[in-house]
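Q: Below is the file model39.pdb, with PDB, C-alpha atoms.
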ATOM      1  CA  MET E   1     -10.059 -13.636  32.571
ATOM      2  CA  ASN E   2      -9.715 -10.202  34.125
ATOM      3  CA  VAL E   3      -6.043  -9.369  33.636
ATOM      4  CA  PHE E   4      -4.577  -5.938  34.419
ATOM      5  CA  LYS E   5      -3.776  -4.040  31.231
ATOM      6  CA  THR E   6      -1.304  -1.169  30.911
ATOM      7  CA  PRO E   7      -2.165   1.669  28.506
ATOM      8  CA  GLN E   8       0.836   0.861  26.278
ATOM      9  CA  PRO E   9       2.990  -2.260  25.956
ATOM     10  CA  ASP E  10       6.060  -1.918  28.178
ATOM     11  CA  GLY E  11       4.388   0.931  30.079
ATOM     12  CA  VAL E  12       5.766   1.793  33.510
ATOM     13  CA  LEU E  13       4.051   0.049  36.435
ATOM     14  CA  SER E  14       3.709   1.924  39.721
ATOM     15  CA  ASP E  15       3.882   0.149  43.115
ATOM     16  CA  SER E  16       0.090   0.316  43.259
ATOM     17  CA  ASP E  17      -0.136  -1.208  39.758
ATOM     18  CA  VAL E  18       2.112  -4.098  40.851
ATOM     19  CA  LYS E  19      -0.077  -4.759  43.905
ATOM     20  CA  ASP E  20      -3.269  -4.648  41.799
ATOM     21  CA  LEU E  21      -1.693  -6.900  39.160
ATOM     22  CA  ALA E  22      -0.589  -9.405  41.810
ATOM     23  CA  LYS E  23      -4.095  -9.417  43.269
ATOM     24  CA  ASP E  24      -5.675  -9.946  39.830
ATOM     25  CA  VAL E  25      -3.352 -12.865  39.073
ATOM     26  CA  ILE E  26      -3.173 -14.579  42.467
ATOM     27  CA  CYS E  27      -6.888 -14.344  43.208
ATOM     28  CA  GLN E  28      -7.563 -16.358  40.030
ATOM     29  CA  LEU E  29      -5.794 -19.364  41.526
ATOM     30  CA  PRO E  30      -8.261 -22.001  42.696
ATOM     31  CA  LEU E  31      -8.208 -22.652  46.422
ATOM     32  CA  PRO E  32      -8.328 -26.391  47.094
ATOM     33  CA  GLY E  33      -7.681 -27.820  50.517
ATOM     34  CA  ILE E  34      -9.734 -25.458  52.667
ATOM     35  CA  GLU E  35     -13.149 -27.100  52.503
ATOM     36  CA  GLY E  36     -14.878 -26.853  55.865
ATOM     37  CA  SER E  37     -12.456 -24.207  57.081
ATOM     38  CA  PRO E  38     -13.862 -21.038  58.642
ATOM     39  CA  LEU E  39     -11.161 -19.058  56.821
ATOM     40  CA  ASP E  40     -11.982 -16.700  54.004
ATOM     41  CA  PRO E  41      -9.593 -17.579  51.132
ATOM     42  CA  GLY E  42      -9.413 -13.856  50.350
ATOM     43  CA  ASP E  43      -7.795 -13.272  53.760
ATOM     44  CA  ILE E  44      -5.114 -15.853  52.968
ATOM     45  CA  TRP E  45      -4.373 -14.455  49.495
ATOM     46  CA  ALA E  46      -4.272 -10.890  50.893
ATOM     47  CA  VAL E  47      -1.389 -11.891  53.176
ATOM     48  CA  VAL E  48       0.399 -13.760  50.365
ATOM     49  CA  ILE E  49       0.030 -10.791  47.988
ATOM     50  CA  LEU E  50       1.257  -8.271  50.547
ATOM     51  CA  ALA E  51       4.257 -10.455  51.401
ATOM     52  CA  ALA E  52       5.090 -10.891  47.705
ATOM     53  CA  VAL E  53       4.739  -7.218  46.790
ATOM     54  CA  ASN E  54       6.755  -6.109  49.839
ATOM     55  CA  GLN E  55       9.277  -8.925  49.259
ATOM     56  CA  THR E  56       9.022 -10.070  52.854
ATOM     57  CA  SER E  57       7.920 -13.166  54.752
ATOM     58  CA  ILE E  58       4.424 -14.296  55.711
ATOM     59  CA  TRP E  59       5.488 -14.003  59.363
ATOM     60  CA  GLU E  60       6.684 -10.407  58.917
ATOM     61  CA  THR E  61       3.523  -9.453  57.018
ATOM     62  CA  CYS E  62       1.221 -10.875  59.704
ATOM     63  CA  LYS E  63       3.277  -9.310  62.509
ATOM     64  CA  ASP E  64       3.068  -5.844  60.931
ATOM     65  CA  ASN E  65      -0.659  -5.930  60.058
ATOM     66  CA  ASP E  66      -3.227  -6.064  62.865
ATOM     67  CA  ASN E  67      -6.010  -7.216  60.515
ATOM     68  CA  ALA E  68      -4.022 -10.126  59.059
ATOM     69  CA  VAL E  69      -4.771 -13.717  59.980
ATOM     70  CA  CYS E  70      -2.190 -15.624  62.033
ATOM     71  CA  ASP E  71       0.989 -16.506  60.115
ATOM     72  CA  ASP E  72       0.780 -20.142  61.299
ATOM     73  CA  THR E  73      -2.735 -20.371  59.828
ATOM     74  CA  VAL E  74      -1.548 -19.004  56.476
ATOM     75  CA  MET E  75       1.442 -21.353  56.362
ATOM     76  CA  ASP E  76      -0.598 -24.402  57.445
ATOM     77  CA  TRP E  77      -3.073 -23.719  54.645
ATOM     78  CA  LEU E  78      -0.353 -23.069  52.045
ATOM     79  CA  HIS E  79       1.215 -26.430  52.948
ATOM     80  CA  THR E  80      -2.044 -28.172  51.953
ATOM     81  CA  LEU E  81      -1.618 -27.045  48.337
ATOM     82  CA  ASN E  82      -0.120 -29.332  45.716
ATOM     83  CA  ARG E  83       3.142 -27.563  44.847
ATOM     84  CA  GLU E  84       3.463 -28.928  41.278
ATOM     85  CA  TRP E  85      -0.135 -28.068  40.443
ATOM     86  CA  LEU E  86       0.201 -24.556  41.899
ATOM     87  CA  GLU E  87       3.467 -23.972  40.017
ATOM     88  CA  ARG E  88       1.874 -25.065  36.714
ATOM     89  CA  VAL E  89      -1.180 -22.814  37.178
ATOM     90  CA  ALA E  90       0.888 -19.841  38.369
ATOM     91  CA  ASN E  91       3.296 -20.134  35.433
ATOM     92  CA  ARG E  92       0.391 -20.195  32.965
ATOM     93  CA  LEU E  93      -0.951 -16.997  34.535
ATOM     94  CA  LEU E  94       2.517 -15.384  34.494
ATOM     95  CA  ARG E  95       2.802 -16.090  30.748
ATOM     96  CA  GLU E  96      -0.595 -14.518  30.081
ATOM     97  CA  VAL E  97       0.289 -11.441  32.124
ATOM     98  CA  ALA E  98       3.676 -11.103  30.422
ATOM     99  CA  MET E  99       2.041 -11.146  27.000
ATOM    100  CA  THR E 100      -0.440  -8.506  28.191
ATOM    101  CA  ILE E 101       2.140  -6.018  29.485
ATOM    102  CA  LEU E 102       4.985  -6.662  27.041
ATOM    103  CA  ASP E 103       5.262  -5.937  23.349
ATOM    104  CA  PRO E 104       5.585  -9.466  21.885
ATOM    105  CA  ASN E 105       7.356  -8.201  18.755
ATOM    106  CA  ARG E 106      10.408  -6.855  20.609
ATOM    107  CA  SER E 107      13.566  -8.887  21.008
ATOM    108  CA  ARG E 108      14.303  -9.722  24.654
ATOM    109  CA  ILE E 109      17.115 -11.020  26.822
ATOM    110  CA  VAL E 110      15.766 -13.478  29.366
ATOM    111  CA  SER E 111      17.742 -13.829  32.598
ATOM    112  CA  ILE E 112      17.679 -16.826  34.901
ATOM    113  CA  ASP E 113      18.291 -16.340  38.599
ATOM    114  CA  PHE E 114      18.268 -18.502  41.700
ATOM    115  CA  VAL E 115      16.547 -17.048  44.740
ATOM    116  CA  ASP E 116      17.451 -18.425  48.162
ATOM    117  CA  ASN E 117      14.833 -17.886  50.845
ATOM    118  CA  PRO E 118      16.635 -18.431  54.193
ATOM    119  CA  TYR E 119      14.873 -21.039  56.299
ATOM    120  CA  HIS E 120      15.172 -21.331  60.069
ATOM    121  CA  GLY E 121      14.150 -24.874  60.783
ATOM    122  CA  THR E 122      14.431 -28.391  59.443
ATOM    123  CA  TYR E 123      12.936 -30.050  56.423
ATOM    124  CA  ALA E 124       9.282 -30.989  56.777
ATOM    125  CA  ASP E 125       8.876 -34.089  54.618
ATOM    126  CA  GLU E 126      12.214 -35.007  53.137
ATOM    127  CA  GLU E 127      15.778 -33.779  53.336
ATOM    128  CA  GLY E 128      15.933 -32.761  49.645
ATOM    129  CA  GLU E 129      13.474 -29.906  50.088
ATOM    130  CA  LEU E 130      16.151 -27.682  51.701
ATOM    131  CA  CYS E 131      19.251 -26.417  49.878
ATOM    132  CA  ARG E 132      22.566 -25.293  51.349
ATOM    133  CA  MET E 133      23.700 -21.701  50.918
ATOM    134  CA  HIS E 134      26.272 -19.276  52.249
ATOM    135  CA  ALA E 135      25.366 -18.133  55.759
ATOM    136  CA  LYS E 136      22.650 -15.477  55.574
ATOM    137  CA  ASP E 137      20.255 -14.243  58.247
ATOM    138  CA  GLY E 138      21.784 -16.725  60.706
ATOM    139  CA  THR E 139      21.228 -19.886  58.648
ATOM    140  CA  THR E 140      22.870 -21.952  55.930
ATOM    141  CA  THR E 141      19.666 -23.623  54.698
ATOM    142  CA  CYS E 142      17.070 -22.264  52.335
ATOM    143  CA  HIS E 143      14.222 -22.971  50.003
ATOM    144  CA  ARG E 144      15.573 -22.275  46.513
ATOM    145  CA  TYR E 145      13.623 -21.069  43.501
ATOM    146  CA  CYS E 146      14.699 -20.517  39.921
ATOM    147  CA  THR E 147      13.062 -17.682  38.007
ATOM    148  CA  ALA E 148      13.229 -16.635  34.374
ATOM    149  CA  TYR E 149      12.632 -12.941  33.907
ATOM    150  CA  LEU E 150      13.332 -10.011  31.660
ATOM    151  CA  VAL E 151      13.773  -6.354  32.433
ATOM    152  CA  SER E 152      11.241  -3.863  31.090
ATOM    153  CA  ASN E 153      11.614  -0.169  31.924
ATOM    154  CA  GLY E 154      14.057  -1.009  34.692
ATOM    155  CA  LYS E 155      11.687  -3.504  36.375
ATOM    156  CA  PRO E 156      11.977  -7.310  36.311
ATOM    157  CA  VAL E 157       9.001  -9.089  34.757
ATOM    158  CA  THR E 158       8.859 -12.729  35.906
ATOM    159  CA  LEU E 159       7.977 -15.110  33.103
ATOM    160  CA  THR E 160       8.153 -18.399  34.990
ATOM    161  CA  MET E 161       9.481 -19.915  38.199
ATOM    162  CA  THR E 162      10.199 -23.330  39.652
ATOM    163  CA  TYR E 163      11.082 -24.789  43.008
ATOM    164  CA  VAL E 164      14.607 -26.282  43.220
ATOM    165  CA  ARG E 165      15.476 -29.304  45.343
ATOM    166  CA  SER E 166      18.900 -29.924  46.844
ATOM    167  CA  ASP E 167      19.238 -33.218  44.962
ATOM    168  CA  GLU E 168      18.782 -31.704  41.493
ATOM    169  CA  LYS E 169      21.377 -29.899  39.391
ATOM    170  CA  GLU E 170      20.905 -26.171  38.842
ATOM    171  CA  ALA E 171      21.068 -26.794  35.074
ATOM    172  CA  ASP E 172      18.020 -29.072  35.387
ATOM    173  CA  ALA E 173      15.995 -26.257  36.962
TER
END
Output the file's structure in the form of structure tokens.

A:
Amino acid sequence: MNVFKTPQPDGVLSDSDVKDLAKDVICQLPLPGIEGSPLDPGDIWAVVILAAVNQTSIWETCKDNDNAVCDDTVMDWLHTLNREWLERVANRLLREVAMTILDPNRSRIVSIDFVDNPYHGTYADEEGELCRMHAKDGTTTCHRYCTAYLVSNGKPVTLTMTYVRSDEKEADA
């Protein structure tokens, strides 16, 4: 596994380091569901990485980058992935990265946070996939995620994440 390594545990990561780290981690994820597609999986992951690093949407990323594939194409492909499988693989990679860039002998405070991604639309498969939130960006519905992270040198380091459904208690997440 080719994981980004900082010179010292808890070293400071630059914006460029974060982008390179995201690319190293995300590009290791297998890409099922695109057999027979003319798309290059690298083009899809490039959009996902840029959106994640810039903390923006797939739509915004594709709109602002002339060389990006169409946002509908990226989203259609992402919807073919098995969410539970992807979450399990991504969390394993996050743990490996965290152990690479953090000093495992230091005591840490882990924070848990819920992230609401405003959603303009209706649920795709079942009502429970969308959560209610306070009005934000013109909507009261969102996709909700729960992340566990710690702060190292003033930057959050995500240890794990999970998708939250509207019909499950926050404590269960």

Q: Using all atoms listed in the file, which residues sit within 6 Å of stretch 150-154 of chain E once same-chain residues fewer than 3 positions away are excluded, as a list in words?

A: Val110, Ser111 and Val157 of chain E

Q: For the residues selected in the previous step, produce a file with C-alpha atoms as a short mmCIF file (atom, residue, chain, number, x, y, z; two decimals), keeping the file's coordinate frame.

A:
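Full text of out02.cif as output:
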data_model
loop_
_atom_site.label_atom_id
_atom_site.label_comp_id
_atom_site.auth_asym_id
_atom_site.auth_seq_id
_atom_site.Cartn_x
_atom_site.Cartn_y
_atom_site.Cartn_z
CA VAL E 110 15.77 -13.48 29.37
CA SER E 111 17.74 -13.83 32.60
CA VAL E 157 9.00 -9.09 34.76
#

Q: Atom CA of E:Thr160 to atom CA of E:Ile49: how many Å, to one decimal?

A: 17.1 Å

Q: Report the distance between atom CA of E:His143 and atom CA of E:Glu170 in Å, rounded to one decimal place.

A: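 Pair atom CA of E:His143 / atom CA of E:Glu170 returns 13.4 Å.
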
Q: For this structure, which residues satisfy the selection - the PyMOL selection byres ((chain E and resi 163) around 12) - when it is evaluated on the file as given? I want them as an MDAnalysis selection string.

A: chainID E and resid 83:88 91 113:117 128:131 142:147 160:162 164:168 170 172:173

Q: Any chance you can output those residues with C-alpha atoms as a PDB file, in the coordinates of the input?

A:
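After the write, again10.pdb holds the following:
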ATOM      1  CA  ARG E  83       3.142 -27.563  44.847  1.00  0.00           C
ATOM      2  CA  GLU E  84       3.463 -28.928  41.278  1.00  0.00           C
ATOM      3  CA  TRP E  85      -0.135 -28.068  40.443  1.00  0.00           C
ATOM      4  CA  LEU E  86       0.201 -24.556  41.899  1.00  0.00           C
ATOM      5  CA  GLU E  87       3.467 -23.972  40.017  1.00  0.00           C
ATOM      6  CA  ARG E  88       1.874 -25.065  36.714  1.00  0.00           C
ATOM      7  CA  ASN E  91       3.296 -20.134  35.433  1.00  0.00           C
ATOM      8  CA  ASP E 113      18.291 -16.340  38.599  1.00  0.00           C
ATOM      9  CA  PHE E 114      18.268 -18.502  41.700  1.00  0.00           C
ATOM     10  CA  VAL E 115      16.547 -17.048  44.740  1.00  0.00           C
ATOM     11  CA  ASP E 116      17.451 -18.425  48.162  1.00  0.00           C
ATOM     12  CA  ASN E 117      14.833 -17.886  50.845  1.00  0.00           C
ATOM     13  CA  GLY E 128      15.933 -32.761  49.645  1.00  0.00           C
ATOM     14  CA  GLU E 129      13.474 -29.906  50.088  1.00  0.00           C
ATOM     15  CA  LEU E 130      16.151 -27.682  51.701  1.00  0.00           C
ATOM     16  CA  CYS E 131      19.251 -26.417  49.878  1.00  0.00           C
ATOM     17  CA  CYS E 142      17.070 -22.264  52.335  1.00  0.00           C
ATOM     18  CA  HIS E 143      14.222 -22.971  50.003  1.00  0.00           C
ATOM     19  CA  ARG E 144      15.573 -22.275  46.513  1.00  0.00           C
ATOM     20  CA  TYR E 145      13.623 -21.069  43.501  1.00  0.00           C
ATOM     21  CA  CYS E 146      14.699 -20.517  39.921  1.00  0.00           C
ATOM     22  CA  THR E 147      13.062 -17.682  38.007  1.00  0.00           C
ATOM     23  CA  THR E 160       8.153 -18.399  34.990  1.00  0.00           C
ATOM     24  CA  MET E 161       9.481 -19.915  38.199  1.00  0.00           C
ATOM     25  CA  THR E 162      10.199 -23.330  39.652  1.00  0.00           C
ATOM     26  CA  VAL E 164      14.607 -26.282  43.220  1.00  0.00           C
ATOM     27  CA  ARG E 165      15.476 -29.304  45.343  1.00  0.00           C
ATOM     28  CA  SER E 166      18.900 -29.924  46.844  1.00  0.00           C
ATOM     29  CA  ASP E 167      19.238 -33.218  44.962  1.00  0.00           C
ATOM     30  CA  GLU E 168      18.782 -31.704  41.493  1.00  0.00           C
ATOM     31  CA  GLU E 170      20.905 -26.171  38.842  1.00  0.00           C
ATOM     32  CA  ASP E 172      18.020 -29.072  35.387  1.00  0.00           C
ATOM     33  CA  ALA E 173      15.995 -26.257  36.962  1.00  0.00           C
TER      34      ALA E 173
END

Q: So how many Å separate atom CA of E:Glu60 and atom CA of E:Gly138, to one decimal?

A: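 That distance, rounded to one decimal, is 16.5 Å.
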
Q: Determine, counting only C-alpha atoms, which protein, DNA and RNA residues have an atom within 10 Å of an atom of E:Asp71; residues of the same chain fewer than 2 positions away are not included. Present the result as a list in words.

A: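 Selected residues are Ile44, Val47, Ser57, Ile58, Trp59, Glu60, Thr61, Cys62, Lys63, Ala68, Val69, Thr73, Val74, Met75, Asp76 and Trp77 of chain E.
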
Q: Considering all atoms listed in the file, can you say which of E:Ala135, E:Cys70, E:Leu102, E:Ile112 comes closest to E:Ala148?

A: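 Using all atoms listed in the file, E:Ala148 sits closest to E:Ile112.
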
Q: Nearest residue to E:Arg95 out of E:Thr158, E:Ser16, E:His134, E:Ala171, using only C-alpha atoms?

A: E:Thr158
